Amino acid sequence: HCRDTTVLDPLKFDPDQIKEKMGFKNKKVVMFLGTPRPHKGLDDLLAAFKKVGDRNVNLVIIGAENQQEFLKRVDQSIRERVVVLPKIPFQKLPEFLSMADIIAIPQRRTSDSVGQIPARLFDAMSMAKPIIATRISDIPEVLGDCGYLVEPNKPSQLAEAIHYILGHFGEALIKGLTARERCKQMYDIHNLEFSLCGLVEQVVSKK
């Protein structure tokens with residue numbers, strides 16, 4: 001995975017303005033982005049969100065195929081604070097990401113997740129977002145100390161991480177900025193292109 005950090009650039013967007021346009025004025029937004037398959041841990045995130053009592057915090061889920069059917073699965077106690085949106089075109093991704101205060105990547109430990117890395121981790125890093133992710137696959141290595149790691153399949157830890165970030169938001173913002181710098185240095189498409197070209201040239205020169 002790699003990302004163009006000149007496209008996924010938080011400085012190009014006004015989060016407050018976008019929140020107001022999307023109906024989240026003066027709200028905190030926890031965002032899950034991606035197709036809600038079981039190994040992605042969305043059920044754990046929903047269980048964790050039940051422990052977040054602040055009514056000014058919304059959970060925004062982007063990528064569900066059928067919003068109304070999905071909402072029927074959501075516990076009645078939090079349904080009014082959960083917003084489900086369909087898949088969005090990649091060109092709109094930075095705008096939607098910009099309104100998130102926390103990006104949650106709650107991968108479960110399954111045969112589907114241990115051998116892959118979620119692309120949305122790189123999106124969130126590029127957009128300088130506070131990230132909560134689980135210790136699955138190479139996520140800890142990719143994220144480094146630039147986010148908040150919890151154990152998989154542990155909704156209580158997800159809830160604690162959300163509470164912590166909301167209570168220490170200045171710290172979380174710094175981690176987000178550090179994540180962007182890490183993404184620019186290690187996972188930006190232009191840097192990887194340069195490295196790959198150098199590697200190809202080495203191989204060709206040895207023939």
# chains A, B, ... in the order shown; residues from 1 in each chain; ligands from 1
$ closest_atom_pairs --of "stretch 119-141 of chain A" --to "stretch 18-41 of chain A" --cutoff "10 Å" --atoms "only C-alpha atoms" --output "Markdown table"
| residue | atom | partner | partner_atom | distance |
| --- | --- | --- | --- | --- |
| A:Ala119 | CA | A:Gly34 | CA | 9.2 |
| A:Arg120 | CA | A:Leu33 | CA | 7.0 |
| A:Leu121 | CA | A:Leu33 | CA | 9.7 |
| A:Asp123 | CA | A:Leu33 | CA | 9.8 |
| A:Ala124 | CA | A:Leu33 | CA | 9.7 |
| A:Pro130 | CA | A:Val30 | CA | 9.8 |
| A:Ile131 | CA | A:Val30 | CA | 9.7 |
| A:Ile132 | CA | A:Val30 | CA | 9.9 |
| A:Thr134 | CA | A:Gly41 | CA | 9.4 |
$ residues_around --residues "A:Pro89" --least-positions-apart "3" --cutoff "12 Å" --atoms "only C-alpha atoms" --output "PyMOL selection string"
chain A and resi 34+62-63+86+92-96
$ select_by_dssp --residues "stretch 42-186 of chain A" --states "alpha helix (DSSP H)" --output "NGL selection string"
:A and (42-49 or 67-72 or 93-98 or 120-126 or 139-143 or 155-167 or 169-186)
$ write_last_selection --atoms "C-alpha atoms" --output "PDB file, in the first residue's frame"
ATOM      1  CA  LEU A  42     -17.188  -3.334  13.262  1.00  0.00           C
ATOM      2  CA  ASP A  43     -19.333  -5.306  15.716  1.00  0.00           C
ATOM      3  CA  ASP A  44     -16.626  -4.755  18.347  1.00  0.00           C
ATOM      4  CA  LEU A  45     -16.656  -1.044  17.569  1.00  0.00           C
ATOM      5  CA  LEU A  46     -20.454  -0.877  17.913  1.00  0.00           C
ATOM      6  CA  ALA A  47     -20.211  -2.687  21.255  1.00  0.00           C
ATOM      7  CA  ALA A  48     -17.522  -0.234  22.365  1.00  0.00           C
ATOM      8  CA  PHE A  49     -19.591   2.747  21.269  1.00  0.00           C
ATOM      9  CA  GLN A  67     -27.769   1.554   5.162  1.00  0.00           C
ATOM     10  CA  GLN A  68     -31.268   0.822   6.445  1.00  0.00           C
ATOM     11  CA  GLU A  69     -30.652  -2.903   6.807  1.00  0.00           C
ATOM     12  CA  PHE A  70     -27.394  -2.228   8.586  1.00  0.00           C
ATOM     13  CA  LEU A  71     -29.010   0.190  11.042  1.00  0.00           C
ATOM     14  CA  LYS A  72     -31.452  -2.524  12.093  1.00  0.00           C
ATOM     15  CA  LEU A  93     -12.282  10.309   0.446  1.00  0.00           C
ATOM     16  CA  PRO A  94     -10.078  13.153   1.759  1.00  0.00           C
ATOM     17  CA  GLU A  95     -13.092  15.402   2.352  1.00  0.00           C
ATOM     18  CA  PHE A  96     -14.959  12.762   4.347  1.00  0.00           C
ATOM     19  CA  LEU A  97     -11.849  11.796   6.299  1.00  0.00           C
ATOM     20  CA  SER A  98     -11.211  15.415   7.179  1.00  0.00           C
ATOM     21  CA  ARG A 120      -7.523   2.699   5.374  1.00  0.00           C
ATOM     22  CA  LEU A 121      -4.661   2.836   7.861  1.00  0.00           C
ATOM     23  CA  PHE A 122      -2.593   4.700   5.273  1.00  0.00           C
ATOM     24  CA  ASP A 123      -5.502   7.017   4.425  1.00  0.00           C
ATOM     25  CA  ALA A 124      -5.879   7.961   8.086  1.00  0.00           C
ATOM     26  CA  MET A 125      -2.141   8.460   8.561  1.00  0.00           C
ATOM     27  CA  SER A 126      -1.894  10.668   5.478  1.00  0.00           C
ATOM     28  CA  ILE A 139      -0.390  -2.681  11.883  1.00  0.00           C
ATOM     29  CA  PRO A 140       1.877  -2.027  14.919  1.00  0.00           C
ATOM     30  CA  GLU A 141       4.950  -1.849  12.674  1.00  0.00           C
ATOM     31  CA  VAL A 142       3.288   0.478  10.152  1.00  0.00           C
ATOM     32  CA  LEU A 143       1.750   2.789  12.746  1.00  0.00           C
ATOM     33  CA  PRO A 155     -14.588  -3.825  22.757  1.00  0.00           C
ATOM     34  CA  SER A 156     -13.815  -2.597  26.283  1.00  0.00           C
ATOM     35  CA  GLN A 157     -10.314  -1.576  25.185  1.00  0.00           C
ATOM     36  CA  LEU A 158     -11.718   0.210  22.144  1.00  0.00           C
ATOM     37  CA  ALA A 159     -14.084   2.141  24.409  1.00  0.00           C
ATOM     38  CA  GLU A 160     -11.261   3.059  26.783  1.00  0.00           C
ATOM     39  CA  ALA A 161      -9.158   4.305  23.864  1.00  0.00           C
ATOM     40  CA  ILE A 162     -12.020   6.465  22.567  1.00  0.00           C
ATOM     41  CA  HIS A 163     -12.538   7.949  26.027  1.00  0.00           C
ATOM     42  CA  TYR A 164      -8.816   8.576  26.398  1.00  0.00           C
ATOM     43  CA  ILE A 165      -8.475  10.363  23.073  1.00  0.00           C
ATOM     44  CA  LEU A 166     -11.515  12.559  23.703  1.00  0.00           C
ATOM     45  CA  GLY A 167     -10.041  13.483  27.091  1.00  0.00           C
ATOM     46  CA  PHE A 169      -7.289  15.495  22.345  1.00  0.00           C
ATOM     47  CA  GLY A 170      -4.209  17.722  22.124  1.00  0.00           C
ATOM     48  CA  GLU A 171      -1.986  14.678  22.535  1.00  0.00           C
ATOM     49  CA  ALA A 172      -4.029  12.772  19.955  1.00  0.00           C
ATOM     50  CA  LEU A 173      -3.675  15.584  17.411  1.00  0.00           C
ATOM     51  CA  ILE A 174       0.105  15.522  17.824  1.00  0.00           C
ATOM     52  CA  LYS A 175       0.101  11.769  17.237  1.00  0.00           C
ATOM     53  CA  GLY A 176      -1.958  12.349  14.109  1.00  0.00           C
ATOM     54  CA  LEU A 177       0.531  14.878  12.766  1.00  0.00           C
ATOM     55  CA  THR A 178       3.371  12.479  13.548  1.00  0.00           C
ATOM     56  CA  ALA A 179       1.496   9.737  11.696  1.00  0.00           C
ATOM     57  CA  ARG A 180       1.260  11.955   8.617  1.00  0.00           C
ATOM     58  CA  GLU A 181       5.006  12.636   8.689  1.00  0.00           C
ATOM     59  CA  ARG A 182       5.656   8.906   9.003  1.00  0.00           C
ATOM     60  CA  CYS A 183       3.347   8.266   6.051  1.00  0.00           C
ATOM     61  CA  LYS A 184       5.082  10.936   3.952  1.00  0.00           C
ATOM     62  CA  GLN A 185       8.503   9.466   4.646  1.00  0.00           C
ATOM     63  CA  MET A 186       7.727   5.739   4.425  1.00  0.00           C
TER      64      MET A 186
END
$ atom_distance --atom1 "atom CA of A:Glu80" --atom2 "atom CA of A:Ala64"
16.9 Å
$ closest_residue --among "A:Ile117, A:Ala100, A:Val204, A:Leu196" --to "A:Pro10" --atoms "only C-alpha atoms"
A:Ala100
$ select_by_dssp --residues "chain A" --states "strand (DSSP E)" --output "ChimeraX atom specification"
/A:28-33,57-62,82-85,102-105,131-134,148-150
$ closest_residue --among "A:Glu65, A:Glu201, A:Asp188, A:Asp138" --to "A:Gln107" --atoms "only C-alpha atoms"
A:Asp138
$ atom_distance --atom1 "atom CA of A:Asp101" --atom2 "atom CA of A:Pro15"
9.1 Å
$ decode --residues "stretch 7-22 of chain A" --atoms "all heavy atoms" --output "PDB file, in the first residue's frame"
ATOM      1  N   VAL A   7      -2.428  14.572  -2.223  1.00  0.00           N
ATOM      2  CA  VAL A   7      -3.877  14.520  -2.418  1.00  0.00           C
ATOM      3  C   VAL A   7      -4.576  14.360  -1.072  1.00  0.00           C
ATOM      4  O   VAL A   7      -5.526  15.077  -0.750  1.00  0.00           O
ATOM      5  CB  VAL A   7      -4.256  13.360  -3.363  1.00  0.00           C
ATOM      6  CG1 VAL A   7      -5.776  13.215  -3.454  1.00  0.00           C
ATOM      7  CG2 VAL A   7      -3.671  13.592  -4.751  1.00  0.00           C
ATOM      8  N   LEU A   8      -4.115  13.407  -0.287  1.00  0.00           N
ATOM      9  CA  LEU A   8      -4.639  13.201   1.073  1.00  0.00           C
ATOM     10  C   LEU A   8      -3.884  14.147   2.011  1.00  0.00           C
ATOM     11  O   LEU A   8      -2.996  13.748   2.766  1.00  0.00           O
ATOM     12  CB  LEU A   8      -4.458  11.742   1.488  1.00  0.00           C
ATOM     13  CG  LEU A   8      -5.412  10.761   0.806  1.00  0.00           C
ATOM     14  CD1 LEU A   8      -4.815   9.366   0.746  1.00  0.00           C
ATOM     15  CD2 LEU A   8      -6.750  10.736   1.528  1.00  0.00           C
ATOM     16  N   ASP A   9      -4.250  15.404   1.938  1.00  0.00           N
ATOM     17  CA  ASP A   9      -3.560  16.467   2.683  1.00  0.00           C
ATOM     18  C   ASP A   9      -4.583  17.212   3.535  1.00  0.00           C
ATOM     19  O   ASP A   9      -5.475  17.878   3.007  1.00  0.00           O
ATOM     20  CB  ASP A   9      -2.894  17.427   1.698  1.00  0.00           C
ATOM     21  CG  ASP A   9      -2.097  18.522   2.401  1.00  0.00           C
ATOM     22  OD1 ASP A   9      -2.195  18.643   3.634  1.00  0.00           O
ATOM     23  OD2 ASP A   9      -1.379  19.258   1.701  1.00  0.00           O
ATOM     24  N   PRO A  10      -4.483  17.146   4.851  1.00  0.00           N
ATOM     25  CA  PRO A  10      -5.487  17.791   5.712  1.00  0.00           C
ATOM     26  C   PRO A  10      -5.540  19.307   5.581  1.00  0.00           C
ATOM     27  O   PRO A  10      -6.575  19.911   5.878  1.00  0.00           O
ATOM     28  CB  PRO A  10      -5.053  17.376   7.128  1.00  0.00           C
ATOM     29  CG  PRO A  10      -3.605  17.047   7.005  1.00  0.00           C
ATOM     30  CD  PRO A  10      -3.439  16.456   5.638  1.00  0.00           C
ATOM     31  N   LEU A  11      -4.459  19.912   5.136  1.00  0.00           N
ATOM     32  CA  LEU A  11      -4.433  21.375   5.028  1.00  0.00           C
ATOM     33  C   LEU A  11      -5.341  21.888   3.907  1.00  0.00           C
ATOM     34  O   LEU A  11      -5.629  23.086   3.839  1.00  0.00           O
ATOM     35  CB  LEU A  11      -3.005  21.864   4.798  1.00  0.00           C
ATOM     36  CG  LEU A  11      -2.030  21.621   5.960  1.00  0.00           C
ATOM     37  CD1 LEU A  11      -0.650  22.161   5.606  1.00  0.00           C
ATOM     38  CD2 LEU A  11      -2.542  22.268   7.255  1.00  0.00           C
ATOM     39  N   LYS A  12      -5.806  20.989   3.048  1.00  0.00           N
ATOM     40  CA  LYS A  12      -6.672  21.399   1.938  1.00  0.00           C
ATOM     41  C   LYS A  12      -8.145  21.447   2.334  1.00  0.00           C
ATOM     42  O   LYS A  12      -8.989  21.787   1.502  1.00  0.00           O
ATOM     43  CB  LYS A  12      -6.497  20.446   0.758  1.00  0.00           C
ATOM     44  CG  LYS A  12      -5.112  20.503   0.118  1.00  0.00           C
ATOM     45  CD  LYS A  12      -5.012  19.553  -1.068  1.00  0.00           C
ATOM     46  CE  LYS A  12      -3.659  19.677  -1.754  1.00  0.00           C
ATOM     47  NZ  LYS A  12      -3.537  18.758  -2.913  1.00  0.00           N
ATOM     48  N   PHE A  13      -8.446  21.108   3.589  1.00  0.00           N
ATOM     49  CA  PHE A  13      -9.848  20.983   3.994  1.00  0.00           C
ATOM     50  C   PHE A  13     -10.083  21.682   5.333  1.00  0.00           C
ATOM     51  O   PHE A  13      -9.197  21.750   6.178  1.00  0.00           O
ATOM     52  CB  PHE A  13     -10.237  19.504   4.110  1.00  0.00           C
ATOM     53  CG  PHE A  13     -10.006  18.731   2.840  1.00  0.00           C
ATOM     54  CD1 PHE A  13      -8.796  18.086   2.616  1.00  0.00           C
ATOM     55  CD2 PHE A  13     -10.980  18.678   1.857  1.00  0.00           C
ATOM     56  CE1 PHE A  13      -8.573  17.392   1.441  1.00  0.00           C
ATOM     57  CE2 PHE A  13     -10.756  17.989   0.680  1.00  0.00           C
ATOM     58  CZ  PHE A  13      -9.547  17.344   0.467  1.00  0.00           C
ATOM     59  N   ASP A  14     -11.307  22.185   5.502  1.00  0.00           N
ATOM     60  CA  ASP A  14     -11.728  22.817   6.751  1.00  0.00           C
ATOM     61  C   ASP A  14     -12.685  21.855   7.459  1.00  0.00           C
ATOM     62  O   ASP A  14     -13.853  21.758   7.079  1.00  0.00           O
ATOM     63  CB  ASP A  14     -12.427  24.151   6.449  1.00  0.00           C
ATOM     64  CG  ASP A  14     -12.828  24.896   7.718  1.00  0.00           C
ATOM     65  OD1 ASP A  14     -13.021  24.244   8.769  1.00  0.00           O
ATOM     66  OD2 ASP A  14     -12.958  26.128   7.659  1.00  0.00           O
ATOM     67  N   PRO A  15     -12.207  21.136   8.485  1.00  0.00           N
ATOM     68  CA  PRO A  15     -13.061  20.133   9.139  1.00  0.00           C
ATOM     69  C   PRO A  15     -14.357  20.701   9.698  1.00  0.00           C
ATOM     70  O   PRO A  15     -15.415  20.066   9.577  1.00  0.00           O
ATOM     71  CB  PRO A  15     -12.163  19.592  10.264  1.00  0.00           C
ATOM     72  CG  PRO A  15     -10.772  19.889   9.815  1.00  0.00           C
ATOM     73  CD  PRO A  15     -10.861  21.160   9.052  1.00  0.00           C
ATOM     74  N   ASP A  16     -14.298  21.881  10.315  1.00  0.00           N
ATOM     75  CA  ASP A  16     -15.506  22.459  10.903  1.00  0.00           C
ATOM     76  C   ASP A  16     -16.542  22.786   9.839  1.00  0.00           C
ATOM     77  O   ASP A  16     -17.749  22.555  10.028  1.00  0.00           O
ATOM     78  CB  ASP A  16     -15.161  23.717  11.703  1.00  0.00           C
ATOM     79  CG  ASP A  16     -14.344  23.399  12.953  1.00  0.00           C
ATOM     80  OD1 ASP A  16     -14.484  22.276  13.481  1.00  0.00           O
ATOM     81  OD2 ASP A  16     -13.563  24.260  13.393  1.00  0.00           O
ATOM     82  N   GLN A  17     -16.077  23.311   8.725  1.00  0.00           N
ATOM     83  CA  GLN A  17     -16.988  23.649   7.626  1.00  0.00           C
ATOM     84  C   GLN A  17     -17.625  22.390   7.053  1.00  0.00           C
ATOM     85  O   GLN A  17     -18.834  22.345   6.776  1.00  0.00           O
ATOM     86  CB  GLN A  17     -16.216  24.403   6.546  1.00  0.00           C
ATOM     87  CG  GLN A  17     -17.076  24.964   5.430  1.00  0.00           C
ATOM     88  CD  GLN A  17     -16.246  25.736   4.418  1.00  0.00           C
ATOM     89  OE1 GLN A  17     -15.511  25.148   3.626  1.00  0.00           O
ATOM     90  NE2 GLN A  17     -16.341  27.048   4.462  1.00  0.00           N
ATOM     91  N   ILE A  18     -16.826  21.346   6.881  1.00  0.00           N
ATOM     92  CA  ILE A  18     -17.344  20.093   6.326  1.00  0.00           C
ATOM     93  C   ILE A  18     -18.299  19.421   7.317  1.00  0.00           C
ATOM     94  O   ILE A  18     -19.342  18.884   6.931  1.00  0.00           O
ATOM     95  CB  ILE A  18     -16.181  19.161   5.940  1.00  0.00           C
ATOM     96  CG1 ILE A  18     -15.406  19.787   4.781  1.00  0.00           C
ATOM     97  CG2 ILE A  18     -16.699  17.775   5.541  1.00  0.00           C
ATOM     98  CD1 ILE A  18     -14.096  19.115   4.472  1.00  0.00           C
ATOM     99  N   LYS A  19     -17.959  19.463   8.615  1.00  0.00           N
ATOM    100  CA  LYS A  19     -18.868  18.916   9.624  1.00  0.00           C
ATOM    101  C   LYS A  19     -20.224  19.612   9.581  1.00  0.00           C
ATOM    102  O   LYS A  19     -21.272  18.968   9.652  1.00  0.00           O
ATOM    103  CB  LYS A  19     -18.260  19.079  11.022  1.00  0.00           C
ATOM    104  CG  LYS A  19     -17.284  18.009  11.423  1.00  0.00           C
ATOM    105  CD  LYS A  19     -16.876  18.216  12.874  1.00  0.00           C
ATOM    106  CE  LYS A  19     -15.928  17.138  13.350  1.00  0.00           C
ATOM    107  NZ  LYS A  19     -15.561  17.289  14.769  1.00  0.00           N
ATOM    108  N   GLU A  20     -20.205  20.918   9.458  1.00  0.00           N
ATOM    109  CA  GLU A  20     -21.464  21.661   9.413  1.00  0.00           C
ATOM    110  C   GLU A  20     -22.269  21.258   8.180  1.00  0.00           C
ATOM    111  O   GLU A  20     -23.483  21.045   8.261  1.00  0.00           O
ATOM    112  CB  GLU A  20     -21.190  23.167   9.406  1.00  0.00           C
ATOM    113  CG  GLU A  20     -22.447  24.007   9.471  1.00  0.00           C
ATOM    114  CD  GLU A  20     -22.161  25.485   9.686  1.00  0.00           C
ATOM    115  OE1 GLU A  20     -20.981  25.875   9.730  1.00  0.00           O
ATOM    116  OE2 GLU A  20     -23.139  26.253   9.817  1.00  0.00           O
ATOM    117  N   LYS A  21     -21.590  21.123   7.041  1.00  0.00           N
ATOM    118  CA  LYS A  21     -22.272  20.732   5.799  1.00  0.00           C
ATOM    119  C   LYS A  21     -22.882  19.336   5.909  1.00  0.00           C
ATOM    120  O   LYS A  21     -23.968  19.072   5.398  1.00  0.00           O
ATOM    121  CB  LYS A  21     -21.282  20.782   4.637  1.00  0.00           C
ATOM    122  CG  LYS A  21     -21.900  20.430   3.281  1.00  0.00           C
ATOM    123  CD  LYS A  21     -20.890  20.565   2.160  1.00  0.00           C
ATOM    124  CE  LYS A  21     -19.921  19.410   2.135  1.00  0.00           C
ATOM    125  NZ  LYS A  21     -19.042  19.430   0.932  1.00  0.00           N
ATOM    126  N   MET A  22     -22.210  18.449   6.645  1.00  0.00           N
ATOM    127  CA  MET A  22     -22.651  17.061   6.756  1.00  0.00           C
ATOM    128  C   MET A  22     -23.582  16.821   7.947  1.00  0.00           C
ATOM    129  O   MET A  22     -24.037  15.701   8.169  1.00  0.00           O
ATOM    130  CB  MET A  22     -21.427  16.143   6.877  1.00  0.00           C
ATOM    131  CG  MET A  22     -20.517  16.147   5.663  1.00  0.00           C
ATOM    132  SD  MET A  22     -21.304  15.456   4.183  1.00  0.00           S
ATOM    133  CE  MET A  22     -21.509  13.755   4.685  1.00  0.00           C
TER     134      MET A  22
END
